[in-house]
Structure formats: structure tokens, C-alpha cells
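Q: Below is the structure I would like to discuss, written out as C-alpha cells.
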Amino acid sequence: MPETEAPAVPAAAGPLTGYTVVDLSRALAGPHAGMMMADLGARVIKVENPGQGDDTRGWGPPFVGPAEDPIATYFLSCNRNKESIALDLKSDEGKRLLSALIERADVVLENFRPGVLDRLGFSTERMHELNPGLVILSITGFGHDGPESQRSGYDQILQGEAGLMSLTGSGPDDPQRVGVPIADLLSGMYGAYGALAALLERERTGRGQVVRTSLLAALVGVHAFQGTRHTVAGETPRAQGNQHPSIAPYGLFKCGDGHVQISVGSEKLWTAFAQAFGIDPTREDFATNARRVAHRSALIAEVEKAFSAYGAEELLAKLNEAGVPAGKVRTLDEVYAWDQVRSQGLTVDVEHPVLGKVTLPGPPLRFFAPDASETTKAAHQAPPLLDADGEAIRRWVSGAESEGEAA
């Protein structure tokens, strides 16, 4: 726990400066949570298996760098601002070093299947014996208890099991996964959020605790209005392509040379939109949102007929003039070249020991002082090579142990 009288640190170092996270996780869910905390200024020590390291070091293509020792871009996506130490947790020396790290940590992060850490000698009880103030963030696939807790959880499996794929696709017979590992990412986000809440409570109580989430919980947690359609209204939502199930017109529409997306989320917007494109806003089957949803096919046909006279750029300008929220579908190369993305700090340049200067997708949070000056962490480190910081971490632990013995 950071000392209450610790020296002041620059705000730009991040709000979690002074906290230490021991990241025992691998793949994506746990590492993403660890990276979020590292982005906020925490010292995150990534513990990896000797030799191979995190599974994602081998997940490719694409690989970059030297052919004899290629680097997976997957690993680069979820491990910035961390240190790496390789430990064999089945060896006495590995257990000793991990124990020493746990004693000095504020958070331990793990995503083993239930029971694995217990068998390694690091049960919750043992970790809290070593450090009563420790916050333990534990992420599993299906949950830590219940009849299916022992199942291995991988993102696409959970996208199906948690119902997300039944809501995604061109129609009910076309289930599709989301184009990023959303179950992993959301469970990491929920996990980091829970860990920070536990740290805040520790400030009042002095006690640590265990925070648990899962890929299943994260996806059920974001069912949002689709969930209440079932639990309250008794409906079972199904995929219906790029149109909103409860608002119309809202979605992807064809125009003269491509597609645009629009969001007409109020009756005031509907009137402005309809008048701008020569559609009668009081027409009986379009007069209210509920009527427009009920007559969606006719509405789409009417909208796309009006849009067919415009190219996408011209159409977006006309929609903007009418005050209608609209946009295009960008490819990732367009996204990362977009001035708005760059203006928000959503890319960061780091110096990698093998690759040199590389650009990574950046943190999504920004911080500002009361005087409006930005205090967001500005300096970022490249994802580490395997065991790159092992020697330094061992010296740190050894030095701390020596100081403890002298005291």
C-alpha cells in the first residue's frame, strides 16, 4: 500500500503511481486488465513461464522482427508498460520469488482455471497470509463455482455460450462473432474496475479481498436492453443485421456509391431527417418510432431510395446540415490515419528493443487537472521481451529482503 507521506509524484505519471501489480495471467483477459492498470501508472510485473512465456508470444501471424526470433503483434496489443520476469512456479526458487513479490504487491492478477493456484501452493488464504492488504483479481471462463466452473473458457466459445453470437449477424440463421475478442476484453475491463474498487475500499479498511469475474459474466453483463427484452418482456432477441431492434431508422443504409450509417433516435430528429429527404414524417406507418420499427422494411426501402441520389461524402454533409447523427464505416487503416483518433491520444509511439520505434493503439482514458491542464500519462514503454526485467526485479526483491533483515 502506498505510504500516506510518500513524496509527491508528477500527475502525468498516472493516478496509480506507487501501486504494484503482479500479473500472473496469460492470453488476453488478464493481460488486458494488467495493461489498463499499467496505463494508469501502476508498476506491473508480468510473471511468465521460462522459455516460451505468455501464450500470445506465439499467436500469429502476423509476426514482425527477425525471422529467427519473430515477435507476435498479438502480444504487443496487451502488454505495454509492463516488466517481465520468467519464473518456474513449480520450483522452490520460483515459489520463493513469487512469495516475495506477493508480499510487496497491491494487486495480484490471475486467470488460471479454479484450483490451479491452490495446487501450486498459492491459495487465496496463503496469499493473504503473505499480504493481508492484497487485492486478488481472478478471471475465469465460466465462473469460479457452479456446475460448469471447470470448463476452459476461450473468447469465441463464450461469445456463443453467453448469447452474443445469437444477436450478431445478418439474421437468425447467421450467427457471427464480434470482430475482436470482446469477452476477453470486457472481462479484463470489468476486472480492472473491480480491482480499483477493492483498492479504494482498502483505503478505509486496510484489508484486501478477492475480486472475481469471468468471460461469461462480462458478456451477460453487457446484454443491456437485449437482456431486459427477455427477462422483462419475454422476447428472445435474434440477430437482424445492421439495423437497431428498437429504433428506426438507425443503422447501415445503401447510398449512391456505398453505405452510410444514421441514428434517428427521437421524433424531433425523425421530422428533421424526413423533411430533408422528401419523406412525409406524418405518414401513418412512419408517424412514431414504434410504427417505424413495425414497418422497418418499407422504411428502409424509402430511405435507400432517397439516399440513392447521393454519394457517401455528399450524403454525410447533407445529414450533418440537417442535424442527423451519421457516419461512414472505416477500415482500420483509415481509423489510425484519422486526425480525430490521433487528437485523442489513441495511438502511442514506443521504442521496442528489437523493432525500434513502433506505434501501438493507446489508452482510452485521459485526465485533466482543475485548471484544465492535461495530466494523462505521457511516457509509455514497449511490451517487454521475455524475462527482460528478471535480473532487475530479483535485485529489487533481494535488496528489499536485506533491508527487512537489517531493520
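Lettering and numbering for the C-alpha cells are positional, with chains as A, B, ... in the shown order, residues counted from 1 in each chain, and ligands counted from 1 in the shown order.
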At a cut-off of 8 Å, using only C-alpha atoms, what residues contact segment 39-43 of chain A? Leave out same-chain residues fewer than 2 positions from it and give the result as a PyMOL selection string.

A: chain A and resi 13-21+35-37+45+80-83+363+377+380

Q: Please produce an output containing N, CA and C atoms for each residue in the selection, written as a tab-separated table (two decimals), in the first residue's frame.

A:
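File part_2.tsv, as written:
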chain	number	residue	atom	x	y	z
A	13	ALA	N	2.51	10.95	-14.29
A	13	ALA	CA	2.96	9.57	-14.12
A	13	ALA	C	1.78	8.62	-14.01
A	14	GLY	N	0.58	9.13	-13.77
A	14	GLY	CA	-0.61	8.30	-13.72
A	14	GLY	C	-1.16	8.17	-12.31
A	15	PRO	N	-2.48	8.07	-12.15
A	15	PRO	CA	-3.11	8.04	-10.83
A	15	PRO	C	-2.78	6.79	-10.01
A	16	LEU	N	-2.28	5.73	-10.63
A	16	LEU	CA	-1.90	4.53	-9.88
A	16	LEU	C	-0.41	4.46	-9.59
A	17	THR	N	0.31	5.55	-9.80
A	17	THR	CA	1.72	5.58	-9.47
A	17	THR	C	1.92	5.22	-7.99
A	18	GLY	N	2.86	4.31	-7.72
A	18	GLY	CA	3.11	3.86	-6.36
A	18	GLY	C	2.49	2.53	-6.04
A	19	TYR	N	1.58	2.06	-6.88
A	19	TYR	CA	0.97	0.75	-6.69
A	19	TYR	C	1.73	-0.29	-7.52
A	20	THR	N	1.79	-1.51	-7.01
A	20	THR	CA	2.47	-2.60	-7.70
A	20	THR	C	1.48	-3.73	-7.99
A	21	VAL	N	1.47	-4.19	-9.22
A	21	VAL	CA	0.61	-5.28	-9.66
A	21	VAL	C	1.49	-6.44	-10.10
A	35	MET	N	-2.69	-4.35	-18.30
A	35	MET	CA	-2.26	-3.22	-19.13
A	35	MET	C	-3.05	-1.96	-18.78
A	36	MET	N	-4.34	-2.12	-18.49
A	36	MET	CA	-5.13	-0.95	-18.09
A	36	MET	C	-4.54	-0.31	-16.83
A	37	MET	N	-4.14	-1.15	-15.87
A	37	MET	CA	-3.56	-0.60	-14.65
A	37	MET	C	-2.17	-0.02	-14.90
A	45	ILE	N	4.31	-6.12	-12.96
A	45	ILE	CA	5.35	-7.12	-13.16
A	45	ILE	C	4.68	-8.37	-13.72
A	80	ARG	N	1.75	-3.48	-23.05
A	80	ARG	CA	2.58	-2.29	-22.94
A	80	ARG	C	2.71	-1.87	-21.47
A	81	ASN	N	3.78	-1.15	-21.18
A	81	ASN	CA	4.04	-0.57	-19.86
A	81	ASN	C	4.26	-1.59	-18.76
A	82	LYS	N	4.65	-2.82	-19.12
A	82	LYS	CA	4.89	-3.87	-18.12
A	82	LYS	C	6.37	-4.25	-18.08
A	83	GLU	N	6.74	-4.91	-16.98
A	83	GLU	CA	8.04	-5.57	-16.86
A	83	GLU	C	7.81	-7.07	-16.96
A	363	PRO	N	-4.03	4.11	-24.74
A	363	PRO	CA	-5.02	4.04	-23.66
A	363	PRO	C	-6.25	4.89	-23.99
A	377	LYS	N	-0.88	10.25	-18.43
A	377	LYS	CA	0.45	9.65	-18.54
A	377	LYS	C	0.92	9.79	-19.98
A	380	HIS	N	5.26	6.04	-22.43
A	380	HIS	CA	4.84	4.64	-22.44
A	380	HIS	C	6.02	3.76	-22.83

Q: Going by DSSP on the backbone, which bits of segment 165-339 of chain A are alpha helix (DSSP H)? Write them as a count of residues only, please.

A: 84

Q: Just want the 7 Å neighbourhood of Val108 of chain A, counted on only C-alpha atoms, with same-chain residues fewer than 4 positions away dropped. Output as a ChimeraX atom specification.

A: /A:21-23,135-137

Q: Closest to Leu319 of chain A among A:Leu199, A:Asp280, A:Ile102, A:Leu269, using only C-alpha atoms?

A: A:Leu269

Q: As a PyMOL selection string, please: the residues near Arg96 of chain A (cut-off 12 Å, only C-alpha atoms, same-chain neighbours under 3 positions excluded).

A: chain A and resi 87-93+99-103+120-122+130+394+397-398+401

Q: Within 12 Å of Asp174 of chain A, counting only C-alpha atoms, which residues qualify if same-chain residues fewer than 2 places away don't, as a JSON list (two decimals) with N, CA and C atoms, in the first residue's frame?

A:
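Written out: part.json:
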[["chain", "number", "residue", "atom", "x", "y", "z"],
["A", 165, "MET", "N", -23.38, -14.24, -29.94],
["A", 165, "MET", "CA", -23.39, -14.60, -31.36],
["A", 165, "MET", "C", -24.82, -14.74, -31.89],
["A", 166, "SER", "N", -25.78, -15.06, -31.02],
["A", 166, "SER", "CA", -27.17, -15.15, -31.47],
["A", 166, "SER", "C", -27.74, -13.78, -31.79],
["A", 167, "LEU", "N", -27.08, -12.71, -31.29],
["A", 167, "LEU", "CA", -27.53, -11.35, -31.54],
["A", 167, "LEU", "C", -26.76, -10.67, -32.67],
["A", 168, "THR", "N", -25.73, -11.35, -33.17],
["A", 168, "THR", "CA", -24.79, -10.73, -34.11],
["A", 168, "THR", "C", -24.79, -11.51, -35.42],
["A", 169, "GLY", "N", -25.00, -10.82, -36.53],
["A", 169, "GLY", "CA", -25.03, -11.47, -37.83],
["A", 169, "GLY", "C", -26.12, -10.87, -38.69],
["A", 170, "SER", "N", -26.22, -11.36, -39.93],
["A", 170, "SER", "CA", -27.19, -10.80, -40.86],
["A", 170, "SER", "C", -28.62, -11.22, -40.56],
["A", 171, "GLY", "N", -28.77, -12.30, -39.79],
["A", 171, "GLY", "CA", -30.10, -12.78, -39.46],
["A", 171, "GLY", "C", -30.01, -13.94, -38.49],
["A", 172, "PRO", "N", -31.16, -14.49, -38.07],
["A", 172, "PRO", "CA", -31.18, -15.54, -37.06],
["A", 172, "PRO", "C", -30.38, -16.79, -37.43],
["A", 176, "GLN", "N", -22.69, -14.76, -35.85],
["A", 176, "GLN", "CA", -21.34, -14.28, -36.12],
["A", 176, "GLN", "C", -20.69, -13.82, -34.82],
["A", 177, "ARG", "N", -19.38, -14.01, -34.71],
["A", 177, "ARG", "CA", -18.65, -13.46, -33.58],
["A", 177, "ARG", "C", -18.35, -11.99, -33.83],
["A", 238, "ARG", "N", -33.00, -11.97, -31.58],
["A", 238, "ARG", "CA", -32.14, -12.67, -32.52],
["A", 238, "ARG", "C", -31.46, -11.66, -33.43],
["A", 239, "ALA", "N", -30.40, -12.11, -34.09],
["A", 239, "ALA", "CA", -29.64, -11.23, -34.98],
["A", 239, "ALA", "C", -30.53, -10.69, -36.09],
["A", 240, "GLN", "N", -30.33, -9.43, -36.42],
["A", 240, "GLN", "CA", -31.09, -8.84, -37.53],
["A", 240, "GLN", "C", -30.24, -7.87, -38.33],
["A", 241, "GLY", "N", -28.96, -8.21, -38.44],
["A", 241, "GLY", "CA", -28.09, -7.42, -39.29],
["A", 241, "GLY", "C", -27.75, -6.08, -38.71]]

Q: Excluding segment 388-393 of chain A and its own-chain neighbours fewer than 5 positions away, which residues fall within 12 Å of it when counting only C-alpha atoms? Please give them as a PDB file with C-alpha atoms, in the first residue's frame.

A:
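result-v8.pdb, freshly written:
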ATOM      1  CA  VAL A  22       1.907  -8.838 -10.031  1.00  0.00           C
ATOM      2  CA  ARG A  43       4.144  -0.893 -11.794  1.00  0.00           C
ATOM      3  CA  VAL A  44       3.011  -4.137 -13.439  1.00  0.00           C
ATOM      4  CA  ILE A  45       5.346  -7.125 -13.161  1.00  0.00           C
ATOM      5  CA  LYS A  46       4.393  -9.810 -15.651  1.00  0.00           C
ATOM      6  CA  VAL A  47       5.331 -13.313 -14.457  1.00  0.00           C
ATOM      7  CA  GLU A  48       5.838 -15.705 -17.380  1.00  0.00           C
ATOM      8  CA  ASN A  49       6.832 -19.310 -17.923  1.00  0.00           C
ATOM      9  CA  PRO A  50      10.536 -19.722 -18.708  1.00  0.00           C
ATOM     10  CA  GLY A  53       6.468 -17.055 -21.973  1.00  0.00           C
ATOM     11  CA  LYS A  82       4.891  -3.869 -18.120  1.00  0.00           C
ATOM     12  CA  GLU A  83       8.037  -5.565 -16.857  1.00  0.00           C
ATOM     13  CA  SER A  84       8.716  -9.275 -17.469  1.00  0.00           C
ATOM     14  CA  ILE A  85      10.244 -11.916 -15.225  1.00  0.00           C
ATOM     15  CA  ALA A  86      10.354 -15.628 -16.073  1.00  0.00           C
ATOM     16  CA  LEU A  87       9.612 -17.887 -13.087  1.00  0.00           C
ATOM     17  CA  GLY A  94      10.177 -19.747  -8.338  1.00  0.00           C
ATOM     18  CA  LEU A  97      10.422 -15.260  -5.585  1.00  0.00           C
ATOM     19  CA  LEU A  98       6.679 -15.197  -6.194  1.00  0.00           C
ATOM     20  CA  ALA A 100       8.417 -12.169  -2.154  1.00  0.00           C
ATOM     21  CA  LEU A 101       6.593 -10.366  -4.955  1.00  0.00           C
ATOM     22  CA  ARG A 104       5.247  -6.343  -1.915  1.00  0.00           C
ATOM     23  CA  HIS A 352      10.963  -1.518 -28.751  1.00  0.00           C
ATOM     24  CA  PRO A 353      14.373  -3.138 -28.073  1.00  0.00           C
ATOM     25  CA  VAL A 354      14.147  -5.244 -31.243  1.00  0.00           C
ATOM     26  CA  ALA A 382       7.012  -1.135 -25.237  1.00  0.00           C
ATOM     27  CA  PRO A 383       5.771  -4.600 -24.280  1.00  0.00           C
ATOM     28  CA  SER A 398      16.863  -9.099  -2.720  1.00  0.00           C
ATOM     29  CA  GLY A 399      17.513  -5.516  -1.673  1.00  0.00           C
ATOM     30  CA  ALA A 400      14.122  -5.232  -0.012  1.00  0.00           C
TER      31      ALA A 400
END

Q: For each of A:Asp387, A:Glu314, A:Asp55, A:Glu110, take the minimum atom-to-atom distance to Leu24 of chain A, counting only C-alpha atoms, then give the residue where this is smallest.

A: A:Glu110

Q: Pick out the closest residue to Pro114 of chain A from this set: A:His144, A:Arg283, A:Arg212, A:Arg342. Count only C-alpha atoms.

A: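 Of the candidates, the smallest distance to Pro114 of chain A is held by A:His144.
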
Q: Which residues of segment 146-195 of chain A have any atom within 12 Å of an atom in segment 216-230 of chain A when counting only C-alpha atoms, and what is the closest pair of atoms for each, with the distance in Å to one decimal? Order the rows by chain and rising number and write it as a Markdown table.

A:
| residue | atom | partner | partner_atom | distance |
| --- | --- | --- | --- | --- |
| A:Glu148 | CA | A:Leu216 | CA | 11.0 |
| A:Ser149 | CA | A:Leu216 | CA | 10.5 |
| A:Arg151 | CA | A:Leu216 | CA | 11.4 |
| A:Ser152 | CA | A:Leu216 | CA | 11.4 |
| A:Gly153 | CA | A:Leu216 | CA | 8.5 |
| A:Tyr154 | CA | A:Leu216 | CA | 10.0 |
| A:Asp155 | CA | A:Leu216 | CA | 9.3 |
| A:Gln156 | CA | A:Leu216 | CA | 11.1 |
| A:Ile157 | CA | A:Leu216 | CA | 9.8 |
| A:Leu158 | CA | A:Leu216 | CA | 6.1 |
| A:Gln159 | CA | A:Leu219 | CA | 7.4 |
| A:Gly160 | CA | A:Leu216 | CA | 9.9 |
| A:Glu161 | CA | A:Leu216 | CA | 7.7 |
| A:Ala162 | CA | A:Leu216 | CA | 5.9 |
| A:Gly163 | CA | A:Val220 | CA | 8.0 |
| A:Leu164 | CA | A:Leu219 | CA | 7.3 |
| A:Met165 | CA | A:Leu219 | CA | 10.7 |
| A:Ser166 | CA | A:Gln226 | CA | 11.1 |
| A:Leu167 | CA | A:Gln226 | CA | 8.6 |
| A:Thr168 | CA | A:Gln226 | CA | 11.7 |
| A:Val178 | CA | A:Leu219 | CA | 11.7 |
| A:Pro181 | CA | A:Leu219 | CA | 11.2 |
| A:Ile182 | CA | A:Leu219 | CA | 8.2 |
| A:Ala183 | CA | A:Leu219 | CA | 6.0 |
| A:Asp184 | CA | A:Ala218 | CA | 8.4 |
| A:Leu185 | CA | A:Ala218 | CA | 8.9 |
| A:Leu186 | CA | A:Ala218 | CA | 5.7 |
| A:Ser187 | CA | A:Ala218 | CA | 5.0 |
| A:Gly188 | CA | A:Ala218 | CA | 8.7 |
| A:Met189 | CA | A:Ala218 | CA | 8.8 |
| A:Tyr190 | CA | A:Ala218 | CA | 6.9 |
| A:Gly191 | CA | A:Ala218 | CA | 9.1 |
| A:Tyr193 | CA | A:Ala218 | CA | 11.9 |
| A:Gly194 | CA | A:Ala218 | CA | 11.9 |

Q: Going by DSSP on the backbone, which residues of segment 163-390 of chain A come out as strand (DSSP E or B)? List them as a count of residues only.

A: 34

Q: Smallest atom-to-atom distance to Gly327 of chain A: which of A:Glu201, A:Glu68, A:Glu313, A:Asp285, using only C-alpha atoms?

A: A:Glu313

Q: Using only C-alpha atoms, pick whichever of A:Pro281, A:Gly265, A:Gly258, A:Pro249 has the shortest atom-to-atom distance to Ser308 of chain A.

A: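 Residue with the minimum atom-to-atom distance to Ser308 of chain A: A:Gly258.
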
Q: Name the residues in contact with segment 270-273 of chain A at a cut-off of 10 Å, using only C-alpha atoms, excluding same-chain residues fewer than 4 positions from it; report them as a list in words.

A: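 Close residues of segment 270-273 of chain A: Ala248, Pro249, Ile262, Ser263, Val264, Gly265, Ser266, Phe277, Gly278, Ile279, Asp280, Pro281, Thr282, Phe286, Ala287, Thr288, Asn289, Val303, Lys318, Leu319, Ala322, Gly323, Val324 and Pro325 of chain A.
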
Q: I'd like to know which of A:Thr236, A:Ser297, A:Ser343, A:Ser214 is closest to Phe142 of chain A, using only C-alpha atoms.

A: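 Answer, going by the shortest atom-to-atom distance: A:Ser214.
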